[in-house]
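Inspection log for the structure reproduced underneath, given as structure tokens.
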Amino acid sequence: MKTEINKQPSKLLKPIAAIKEVFFAFDRKVDGALVFFFKHYGKTKFMVAMSKKVQYLGIEKLWDKGPKAFIYFFLFYLIRDTILYIVIPIIFAKATTS
């Protein structure tokens, strides 16, 4: 005897599905940049490409190839790491203490 399972989504999942729909619609407009950003822990495609170049060229040779790109790369990492490791923990600590 087979029991019939309710195929209607629960009331809790409807708002989550709506939020996901909006997120993925926006992600499609920006050519998948949001999913890439979250999948690579806050790195843009530029940062991932520059990280690979740093690994096989070294920092000095990368600077010699293009100081402007190196400065952008350094600033992106500086801003990202400042937000991830300084700003967010401070906000979290303030929110959780009385």
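By convention here, the chains of the structure tokens are called A, B, ... in the order presented, each chain's residues are numbered starting at 1, and ligands are numbered starting at 1 in the order presented.
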> Can you list every residue in chain A that DSSP puts in helix (DSSP H, G or I), as a PyMOL selection string?
Replying inline: chain A and resi 13-29+33-39+45-57+59-65+67-96
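Coordinates place atom CA of A:Lys39 at a distance of 15.6 Å from atom CA of A:Ser51.
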>> Between A:Ile83, A:Ala49, A:Ile88, A:Ile16, which residue has the minimum interatomic distance to A:Ala69, considering only C-alpha atoms?
In response: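 Closest to A:Ala69, using only C-alpha atoms: A:Ala49.
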>> So the first atom is atom CA of A:Phe37 and the second is atom CA of A:Ile59; what is the distance between them in Å, to one decimal place?
In response: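 Taking atom CA of A:Phe37 and atom CA of A:Ile59, their separation equals 23.7 Å.
Across the model, the gap from atom CA of A:Phe70 to atom CA of A:Val35 is 24.6 Å.
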>> So that I can check the surroundings of A:Met47, please list as a PyMOL selection string every protein, DNA and RNA residue that reaches within 8 Å of it, counting only C-alpha atoms and ignoring chain neighbours fewer than 3 positions away.
In response: chain A and resi 43-44+50-51+73+76-77
>> Calculated over only C-alpha atoms, which of the candidates A:Gly42, A:Ala95, A:Ala18, A:Asp31 has the smallest distance to A:Asp81?
In response: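 Checking each of A:Gly42, A:Ala95, A:Ala18, A:Asp31 against A:Asp81, counting only C-alpha atoms, the winner is A:Gly42.
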